[in-house]
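Q: Take a look at target04.cif, mmCIF, N, CA and C atoms:
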```cif
data_data
loop_
_atom_site.group_PDB
_atom_site.id
_atom_site.type_symbol
_atom_site.label_atom_id
_atom_site.label_comp_id
_atom_site.auth_asym_id
_atom_site.auth_seq_id
_atom_site.Cartn_x
_atom_site.Cartn_y
_atom_site.Cartn_z
ATOM 1 N N MET A 1 0.836 -1.183 0.000
ATOM 2 C CA MET A 1 0.000 0.000 0.000
ATOM 3 C C MET A 1 0.876 1.239 0.000
ATOM 4 N N ILE A 2 0.498 2.216 -0.743
ATOM 5 C CA ILE A 2 1.234 3.480 -0.750
ATOM 6 C C ILE A 2 0.290 4.604 -0.359
ATOM 7 N N LYS A 3 0.875 5.673 0.173
ATOM 8 C CA LYS A 3 0.076 6.834 0.574
ATOM 9 C C LYS A 3 0.967 8.067 0.518
ATOM 10 N N THR A 4 0.348 9.221 0.561
ATOM 11 C CA THR A 4 1.092 10.473 0.569
ATOM 12 C C THR A 4 1.081 11.029 1.989
ATOM 13 N N GLU A 5 2.275 11.284 2.509
ATOM 14 C CA GLU A 5 2.443 11.875 3.840
ATOM 15 C C GLU A 5 3.388 13.060 3.731
ATOM 16 N N ASN A 6 2.953 14.216 4.182
ATOM 17 C CA ASN A 6 3.791 15.420 4.165
ATOM 18 C C ASN A 6 4.348 15.713 2.770
ATOM 19 N N GLY A 7 3.539 15.468 1.738
ATOM 20 C CA GLY A 7 3.950 15.750 0.371
ATOM 21 C C GLY A 7 4.855 14.702 -0.249
ATOM 22 N N ARG A 8 5.087 13.607 0.470
ATOM 23 C CA ARG A 8 5.952 12.537 -0.038
ATOM 24 C C ARG A 8 5.160 11.243 -0.132
ATOM 25 N N VAL A 9 5.393 10.500 -1.197
ATOM 26 C CA VAL A 9 4.759 9.198 -1.348
ATOM 27 C C VAL A 9 5.600 8.186 -0.584
ATOM 28 N N VAL A 10 4.946 7.456 0.317
ATOM 29 C CA VAL A 10 5.648 6.472 1.141
ATOM 30 C C VAL A 10 4.948 5.129 1.046
ATOM 31 N N ASP A 11 5.721 4.055 1.272
ATOM 32 C CA ASP A 11 5.142 2.715 1.297
ATOM 33 C C ASP A 11 4.874 2.312 2.739
ATOM 34 N N ASP A 12 4.465 1.073 2.932
ATOM 35 C CA ASP A 12 4.128 0.587 4.280
ATOM 36 C C ASP A 12 5.309 0.617 5.240
ATOM 37 N N ASN A 13 6.528 0.582 4.705
ATOM 38 C CA ASN A 13 7.736 0.608 5.537
ATOM 39 C C ASN A 13 8.260 2.025 5.769
ATOM 40 N N GLY A 14 7.554 3.035 5.237
ATOM 41 C CA GLY A 14 7.980 4.418 5.401
ATOM 42 C C GLY A 14 9.008 4.880 4.389
ATOM 43 N N MET A 15 9.342 4.018 3.412
ATOM 44 C CA MET A 15 10.313 4.380 2.378
ATOM 45 C C MET A 15 9.690 5.400 1.424
ATOM 46 N N VAL A 16 10.499 6.350 0.951
ATOM 47 C CA VAL A 16 10.044 7.464 0.124
ATOM 48 C C VAL A 16 10.340 7.180 -1.351
ATOM 49 N N ALA A 17 9.375 7.491 -2.225
ATOM 50 C CA ALA A 17 9.529 7.283 -3.664
ATOM 51 C C ALA A 17 10.217 8.496 -4.300
ATOM 52 N N ILE A 18 11.327 8.238 -5.020
ATOM 53 C CA ILE A 18 12.088 9.278 -5.714
ATOM 54 C C ILE A 18 12.174 8.901 -7.187
ATOM 55 N N ARG A 19 11.936 9.892 -8.069
ATOM 56 C CA ARG A 19 12.054 9.684 -9.524
ATOM 57 C C ARG A 19 13.344 10.278 -10.039
ATOM 58 N N CYS A 20 13.769 9.791 -11.199
ATOM 59 C CA CYS A 20 14.963 10.284 -11.862
ATOM 60 C C CYS A 20 14.588 10.780 -13.256
ATOM 61 N N PHE A 21 15.058 11.983 -13.615
ATOM 62 C CA PHE A 21 14.857 12.560 -14.948
ATOM 63 C C PHE A 21 16.209 12.961 -15.500
ATOM 64 N N PRO A 22 16.530 12.618 -16.733
ATOM 65 C CA PRO A 22 15.784 11.711 -17.602
ATOM 66 C C PRO A 22 15.837 10.293 -17.054
ATOM 67 N N PRO A 23 14.910 9.455 -17.506
ATOM 68 C CA PRO A 23 14.841 8.100 -16.966
ATOM 69 C C PRO A 23 16.020 7.230 -17.403
ATOM 70 N N THR A 24 16.994 7.117 -16.523
ATOM 71 C CA THR A 24 18.148 6.253 -16.772
ATOM 72 C C THR A 24 18.413 5.430 -15.523
ATOM 73 N N ALA A 25 18.496 4.126 -15.716
ATOM 74 C CA ALA A 25 18.789 3.244 -14.585
ATOM 75 C C ALA A 25 20.206 3.556 -14.127
ATOM 76 N N GLN A 26 20.344 3.998 -12.893
ATOM 77 C CA GLN A 26 21.659 4.384 -12.388
ATOM 78 C C GLN A 26 21.731 4.213 -10.885
ATOM 79 N N PRO A 27 22.928 3.968 -10.394
ATOM 80 C CA PRO A 27 23.090 3.847 -8.943
ATOM 81 C C PRO A 27 23.304 5.231 -8.320
ATOM 82 N N ILE A 28 22.956 5.344 -7.060
ATOM 83 C CA ILE A 28 23.289 6.540 -6.282
ATOM 84 C C ILE A 28 23.676 6.065 -4.888
ATOM 85 N N THR A 29 24.766 6.635 -4.404
ATOM 86 C CA THR A 29 25.265 6.277 -3.076
ATOM 87 C C THR A 29 25.215 7.505 -2.184
ATOM 88 N N VAL A 30 24.704 7.313 -0.986
ATOM 89 C CA VAL A 30 24.661 8.373 0.023
ATOM 90 C C VAL A 30 25.300 7.813 1.283
ATOM 91 N N PRO A 31 25.721 8.667 2.211
ATOM 92 C CA PRO A 31 26.279 8.134 3.453
ATOM 93 C C PRO A 31 25.270 7.205 4.136
ATOM 94 N N GLY A 32 25.646 5.973 4.296
ATOM 95 C CA GLY A 32 24.778 5.008 4.952
ATOM 96 C C GLY A 32 23.831 4.247 4.041
ATOM 97 N N GLY A 33 23.954 4.427 2.722
ATOM 98 C CA GLY A 33 23.052 3.690 1.837
ATOM 99 C C GLY A 33 23.440 3.783 0.375
ATOM 100 N N ALA A 34 22.987 2.811 -0.390
ATOM 101 C CA ALA A 34 23.193 2.791 -1.837
ATOM 102 C C ALA A 34 21.897 2.323 -2.475
ATOM 103 N N TYR A 35 21.521 2.953 -3.564
ATOM 104 C CA TYR A 35 20.261 2.647 -4.232
ATOM 105 C C TYR A 35 20.493 2.541 -5.733
ATOM 106 N N MET A 36 19.602 1.798 -6.399
ATOM 107 C CA MET A 36 19.664 1.659 -7.841
ATOM 108 C C MET A 36 18.320 2.057 -8.426
ATOM 109 N N PHE A 37 18.307 3.122 -9.229
ATOM 110 C CA PHE A 37 17.082 3.523 -9.902
ATOM 111 C C PHE A 37 16.747 2.470 -10.949
ATOM 112 N N GLU A 38 15.476 2.153 -11.050
ATOM 113 C CA GLU A 38 15.019 1.125 -11.976
ATOM 114 C C GLU A 38 13.889 1.685 -12.831
ATOM 115 N N ILE A 39 13.923 1.356 -14.114
ATOM 116 C CA ILE A 39 12.871 1.806 -15.020
ATOM 117 C C ILE A 39 11.832 0.694 -15.147
ATOM 118 N N ARG A 40 10.596 1.048 -14.822
ATOM 119 C CA ARG A 40 9.455 0.142 -14.991
ATOM 120 C C ARG A 40 8.318 0.941 -15.601
ATOM 121 N N ARG A 41 7.781 0.462 -16.694
ATOM 122 C CA ARG A 41 6.655 1.120 -17.363
ATOM 123 C C ARG A 41 6.929 2.603 -17.612
ATOM 124 N N ASN A 42 8.139 2.906 -18.076
ATOM 125 C CA ASN A 42 8.603 4.261 -18.413
ATOM 126 C C ASN A 42 8.712 5.206 -17.214
ATOM 127 N N VAL A 43 8.741 4.672 -16.009
ATOM 128 C CA VAL A 43 8.968 5.479 -14.811
ATOM 129 C C VAL A 43 10.269 4.995 -14.179
ATOM 130 N N CYS A 44 11.205 5.915 -13.980
ATOM 131 C CA CYS A 44 12.491 5.590 -13.362
ATOM 132 C C CYS A 44 12.402 6.022 -11.899
ATOM 133 N N MET A 45 12.432 5.043 -10.992
ATOM 134 C CA MET A 45 12.141 5.344 -9.599
ATOM 135 C C MET A 45 12.900 4.410 -8.659
ATOM 136 N N VAL A 46 12.980 4.812 -7.411
ATOM 137 C CA VAL A 46 13.554 3.985 -6.356
ATOM 138 C C VAL A 46 12.875 4.380 -5.040
ATOM 139 N N TRP A 47 12.804 3.427 -4.113
ATOM 140 C CA TRP A 47 12.311 3.698 -2.759
ATOM 141 C C TRP A 47 13.525 3.892 -1.866
ATOM 142 N N VAL A 48 13.572 4.990 -1.118
ATOM 143 C CA VAL A 48 14.727 5.291 -0.274
ATOM 144 C C VAL A 48 14.304 5.508 1.180
ATOM 145 N N HIS A 49 15.249 5.305 2.066
ATOM 146 C CA HIS A 49 15.027 5.563 3.488
ATOM 147 C C HIS A 49 14.736 7.055 3.645
ATOM 148 N N PRO A 50 13.784 7.431 4.503
ATOM 149 C CA PRO A 50 13.424 8.846 4.660
ATOM 150 C C PRO A 50 14.614 9.753 4.997
ATOM 151 N N ALA A 51 15.580 9.240 5.740
ATOM 152 C CA ALA A 51 16.755 10.043 6.094
ATOM 153 C C ALA A 51 17.625 10.349 4.876
ATOM 154 N N HIS A 52 17.494 9.563 3.813
ATOM 155 C CA HIS A 52 18.303 9.766 2.618
ATOM 156 C C HIS A 52 17.595 10.587 1.541
ATOM 157 N N ALA A 53 16.286 10.783 1.682
ATOM 158 C CA ALA A 53 15.501 11.458 0.640
ATOM 159 C C ALA A 53 16.025 12.862 0.338
ATOM 160 N N ASP A 54 16.212 13.694 1.356
ATOM 161 C CA ASP A 54 16.667 15.071 1.115
ATOM 162 C C ASP A 54 18.071 15.112 0.530
ATOM 163 N N ILE A 55 18.919 14.196 0.931
ATOM 164 C CA ILE A 55 20.276 14.141 0.369
ATOM 165 C C ILE A 55 20.201 13.867 -1.125
ATOM 166 N N ILE A 56 19.386 12.887 -1.507
ATOM 167 C CA ILE A 56 19.251 12.547 -2.924
ATOM 168 C C ILE A 56 18.598 13.682 -3.699
ATOM 169 N N LEU A 57 17.557 14.283 -3.144
ATOM 170 C CA LEU A 57 16.858 15.375 -3.834
ATOM 171 C C LEU A 57 17.766 16.584 -4.062
ATOM 172 N N ASN A 58 18.756 16.775 -3.218
ATOM 173 C CA ASN A 58 19.679 17.907 -3.357
ATOM 174 C C ASN A 58 20.953 17.571 -4.125
ATOM 175 N N THR A 59 21.039 16.357 -4.645
ATOM 176 C CA THR A 59 22.207 15.935 -5.419
ATOM 177 C C THR A 59 22.177 16.570 -6.807
ATOM 178 N N THR A 60 23.309 17.104 -7.223
ATOM 179 C CA THR A 60 23.406 17.665 -8.576
ATOM 180 C C THR A 60 24.281 16.762 -9.428
ATOM 181 N N LYS A 61 23.960 16.739 -10.707
ATOM 182 C CA LYS A 61 24.737 15.961 -11.678
ATOM 183 C C LYS A 61 25.099 16.899 -12.821
ATOM 184 N N GLN A 62 26.205 16.599 -13.474
ATOM 185 C CA GLN A 62 26.614 17.392 -14.626
ATOM 186 C C GLN A 62 25.976 16.799 -15.872
ATOM 187 N N CYS A 63 25.368 17.661 -16.662
ATOM 188 C CA CYS A 63 24.753 17.189 -17.898
ATOM 189 C C CYS A 63 25.455 17.851 -19.086
ATOM 190 N N CYS A 64 24.808 17.801 -20.231
ATOM 191 C CA CYS A 64 25.411 18.322 -21.462
ATOM 192 C C CYS A 64 25.854 19.777 -21.305
ATOM 193 N N GLY A 65 26.989 20.089 -21.875
ATOM 194 C CA GLY A 65 27.499 21.452 -21.802
ATOM 195 C C GLY A 65 28.059 21.819 -20.442
ATOM 196 N N GLY A 66 28.204 20.856 -19.558
ATOM 197 C CA GLY A 66 28.779 21.134 -18.247
ATOM 198 C C GLY A 66 27.812 21.754 -17.259
ATOM 199 N N GLN A 67 26.536 21.867 -17.632
ATOM 200 C CA GLN A 67 25.540 22.459 -16.744
ATOM 201 C C GLN A 67 25.219 21.493 -15.606
ATOM 202 N N LEU A 68 24.990 22.044 -14.421
ATOM 203 C CA LEU A 68 24.574 21.222 -13.286
ATOM 204 C C LEU A 68 23.049 21.190 -13.227
ATOM 205 N N SER A 69 22.509 20.030 -12.923
ATOM 206 C CA SER A 69 21.057 19.913 -12.784
ATOM 207 C C SER A 69 20.751 19.003 -11.606
ATOM 208 N N ARG A 70 19.516 19.055 -11.169
ATOM 209 C CA ARG A 70 19.043 18.166 -10.107
ATOM 210 C C ARG A 70 18.081 17.171 -10.755
ATOM 211 N N PRO A 71 18.581 15.981 -11.078
ATOM 212 C CA PRO A 71 17.752 15.022 -11.807
ATOM 213 C C PRO A 71 16.768 14.235 -10.946
ATOM 214 N N PHE A 72 16.833 14.380 -9.637
ATOM 215 C CA PHE A 72 15.988 13.581 -8.760
ATOM 216 C C PHE A 72 14.879 14.434 -8.165
ATOM 217 N N ARG A 73 13.663 13.888 -8.212
ATOM 218 C CA ARG A 73 12.489 14.600 -7.706
ATOM 219 C C ARG A 73 11.594 13.628 -6.957
ATOM 220 N N LEU A 74 10.744 14.157 -6.108
ATOM 221 C CA LEU A 74 9.772 13.309 -5.435
ATOM 222 C C LEU A 74 8.830 12.714 -6.474
ATOM 223 N N ALA A 75 8.530 11.449 -6.341
ATOM 224 C CA ALA A 75 7.572 10.804 -7.230
ATOM 225 C C ALA A 75 6.162 11.121 -6.745
ATOM 226 N N SER A 76 5.236 11.167 -7.678
ATOM 227 C CA SER A 76 3.828 11.353 -7.309
ATOM 228 C C SER A 76 3.226 9.989 -6.992
ATOM 229 N N GLU A 77 2.062 9.999 -6.387
ATOM 230 C CA GLU A 77 1.389 8.738 -6.091
ATOM 231 C C GLU A 77 1.061 8.010 -7.388
ATOM 232 N N SER A 78 0.721 8.759 -8.414
ATOM 233 C CA SER A 78 0.445 8.173 -9.731
ATOM 234 C C SER A 78 1.693 7.502 -10.303
ATOM 235 N N ASP A 79 2.852 8.175 -10.183
ATOM 236 C CA ASP A 79 4.120 7.592 -10.642
ATOM 237 C C ASP A 79 4.365 6.254 -9.948
ATOM 238 N N ALA A 80 4.195 6.232 -8.642
ATOM 239 C CA ALA A 80 4.462 5.023 -7.862
ATOM 240 C C ALA A 80 3.495 3.905 -8.238
ATOM 241 N N ARG A 81 2.234 4.249 -8.471
ATOM 242 C CA ARG A 81 1.254 3.235 -8.868
ATOM 243 C C ARG A 81 1.608 2.626 -10.225
ATOM 244 N N ILE A 82 2.026 3.469 -11.160
ATOM 245 C CA ILE A 82 2.435 2.971 -12.484
ATOM 246 C C ILE A 82 3.647 2.072 -12.322
ATOM 247 N N TRP A 83 4.644 2.530 -11.583
ATOM 248 C CA TRP A 83 5.888 1.775 -11.381
ATOM 249 C C TRP A 83 5.612 0.424 -10.731
ATOM 250 N N LEU A 84 4.704 0.407 -9.760
ATOM 251 C CA LEU A 84 4.357 -0.824 -9.045
ATOM 252 C C LEU A 84 3.318 -1.676 -9.777
ATOM 253 N N ASN A 85 2.769 -1.144 -10.877
ATOM 254 C CA ASN A 85 1.734 -1.810 -11.659
ATOM 255 C C ASN A 85 0.459 -2.013 -10.832
ATOM 256 N N LEU A 86 0.096 -0.988 -10.072
ATOM 257 C CA LEU A 86 -1.141 -1.013 -9.286
ATOM 258 C C LEU A 86 -2.223 -0.265 -10.059
ATOM 259 N N SER A 87 -3.450 -0.709 -9.940
ATOM 260 C CA SER A 87 -4.543 -0.009 -10.608
ATOM 261 C C SER A 87 -4.878 1.255 -9.817
ATOM 262 N N GLU A 88 -5.424 2.245 -10.497
ATOM 263 C CA GLU A 88 -5.851 3.475 -9.830
ATOM 264 C C GLU A 88 -7.014 3.162 -8.910
ATOM 265 N N ARG A 89 -7.014 3.797 -7.749
ATOM 266 C CA ARG A 89 -8.104 3.582 -6.792
ATOM 267 C C ARG A 89 -8.712 4.892 -6.410
#
```
Could you write out this structure as C-alpha cells?

A:
Amino acid sequence: MIKTENGRVVDDNGMVAIRCFPPTAQPITVPGGAYMFEIRRNVCMVWVHPAHADIILNTTKQCCGGQLSRPFRLASESDARIWLNLSER
C-alpha cells in the first residue's frame, strides 16, 4: 500500500519514492546507503530511506554542456502506482 504523507509518497515501511529525470537506470550512493534507480513502465524510480531522501533530492549531476542539474524529484502517487503496476483507486 502506498500513501502520501507530508507531500511525499511512502510505502508501508515508510520508504520514500524518488524519480529520476531523464529516466536512466543508475546507482546513487549516500552516506549510509546505496540505491539503484530502476525503469518500470517508463517510470524511473527507487524507494529510499526517509533520512536519505533530502540528500538525494539535493544531489546535482553534470549534464550536457557542463551544466549542473538536479535530476531527482519526489515521485507522485500516480508515478508510484504505475511503477508498481497497481490499478488506480

Q: Where does DSSP see strand (DSSP E) in chain A, if you list the residues as a PyMOL selection string?

A: chain A and resi 2-5+8-11+16-20+27-30+33-36+38-40+43-48+61-62+68-69+72-74

Q: What is the distance between atom CA of A:Met15 and atom N of A:Val30, in Å to one decimal?

A: 15.1 Å

Q: With only C-alpha atoms as the counted atoms, please give the residues lying no more than 12 Å from A:Asn6, apart from itself and same-chain residues fewer than 3 positions off, as a PyMOL selection string.

A: chain A and resi 3+9-10+14+16+50+74

Q: As an exercise, work out the distance from atom CA of A:Val48 to atom CA of A:Cys63 in Å and give it to one decimal place.

A: 23.5 Å

Q: Would you compute the distance between atom CA of A:Ile2 and atom CA of A:Arg41? Give it in Å to one decimal.

A: 17.6 Å

Q: Every residue with an atom at most 9 Å from (18.7, 12.6, -9.0) (file coordinates; only C-alpha atoms) is what I'm after, so could you write them as JSON, numbers by chain?

A: {"A": [18, 19, 20, 21, 28, 56, 57, 58, 59, 60, 61, 69, 70, 71, 72, 73]}

Q: Using DSSP on the backbone coordinates, identify the residues of chain A assigned to alpha helix (DSSP H); present them as a PyMOL selection string.

A: chain A and resi 50-57+77-84

Q: Counting all atoms listed in the file, figure out which residue out of A:Pro23, A:Glu77, A:Gln67, A:Ile55 gets nearest to A:Asn42.

A: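 Nearest to A:Asn42: A:Pro23.
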
Q: Write out as a PyMOL selection string the residues lying within 8 Å of A:Met45, counting only C-alpha atoms and excluding same-chain residues fewer than 5 positions away.

A: chain A and resi 17-20+37-40+75+80+83

Q: Selected by the PyMOL selection byres (((chain A and resi 33 and name CA) around 10) and name CA) in the shown coordinates: which residues, as a count of residues only?

A: 11

Q: Can you tell me which residues surround A:Met1 at a distance of at most 8 Å, considering only N, CA and C atoms, apart from same-chain residues fewer than 4 positions away, and format the answer as a PyMOL selection string?

A: chain A and resi 10-13

Q: Could you save the residues just selected, with N, CA and C atoms, as a compact mmCIF listing (two decimals), keeping the file's coordinate frame?

A:
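So the final result, stored in selection27.txt, reads:
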```txt
# COMPACT_ATOMS: atom_id res chain seq x y z
N VAL A 10 4.95 7.46 0.32
CA VAL A 10 5.65 6.47 1.14
C VAL A 10 4.95 5.13 1.05
N ASP A 11 5.72 4.06 1.27
CA ASP A 11 5.14 2.72 1.30
C ASP A 11 4.87 2.31 2.74
N ASP A 12 4.46 1.07 2.93
CA ASP A 12 4.13 0.59 4.28
C ASP A 12 5.31 0.62 5.24
N ASN A 13 6.53 0.58 4.70
CA ASN A 13 7.74 0.61 5.54
C ASN A 13 8.26 2.02 5.77
```
